[in-house]
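Note sheet for the following structure.
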Amino acid sequence: MKKTRSEIVTFKVDASLLAAMKGVANRSEFIRGAILAALDSACPLCVGTGILSPRQKEHWEEFSRSHAVVECDECHEKRLVCSRVRPSRQHGRRKERRTGA
């Protein structure tokens with residue numbers, strides 16, 4: 001089995017971030033974990049850029065014709081819901097009821 005080679009990535013930080021990281025025992029591991037967590041939470045369309053390409057925008061417009069962005073009644077976060085499915089609850093586990101074809 002071929003061993004995966006690690007790459008070194010460097011970046012600059014401002015003084016306040018450097019001071020905040022002083023007490024972290026293994027900064028490299030902490031930074032790797034933070035980056036992986038941030039990537040896991042990135043928007044699946046824009047991948048965290050906040051901007052859709054023209055083609056992504058076309059796909060979004062097509063998708064949004066049958067879906068809506070709504071606020072959860074319980075946690076007040078935005079979420080996507082299918083216009084053809086009426087959620088029976090706003091948060092957590094929920095059963096969805098079809099509203100017709």
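Labels for the structure tokens follow display order: chains A, B, ..., residues from 1 in each chain, ligands from 1.
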Residues near Ala68 in chain A, cut-off 9 Å, only C-alpha atoms, skip fewer than 5 positions along chain, as a PyMOL selection string: chain A and resi 79-83
All strand (DSSP E) residues (DSSP, backbone) inside chain A, as an MDAnalysis selection string: chainID A and resid 67:71 78:82 85:87 96:98
Test item, alpha helix (DSSP H) assignment across chain A, answer as a count of residues only: 32
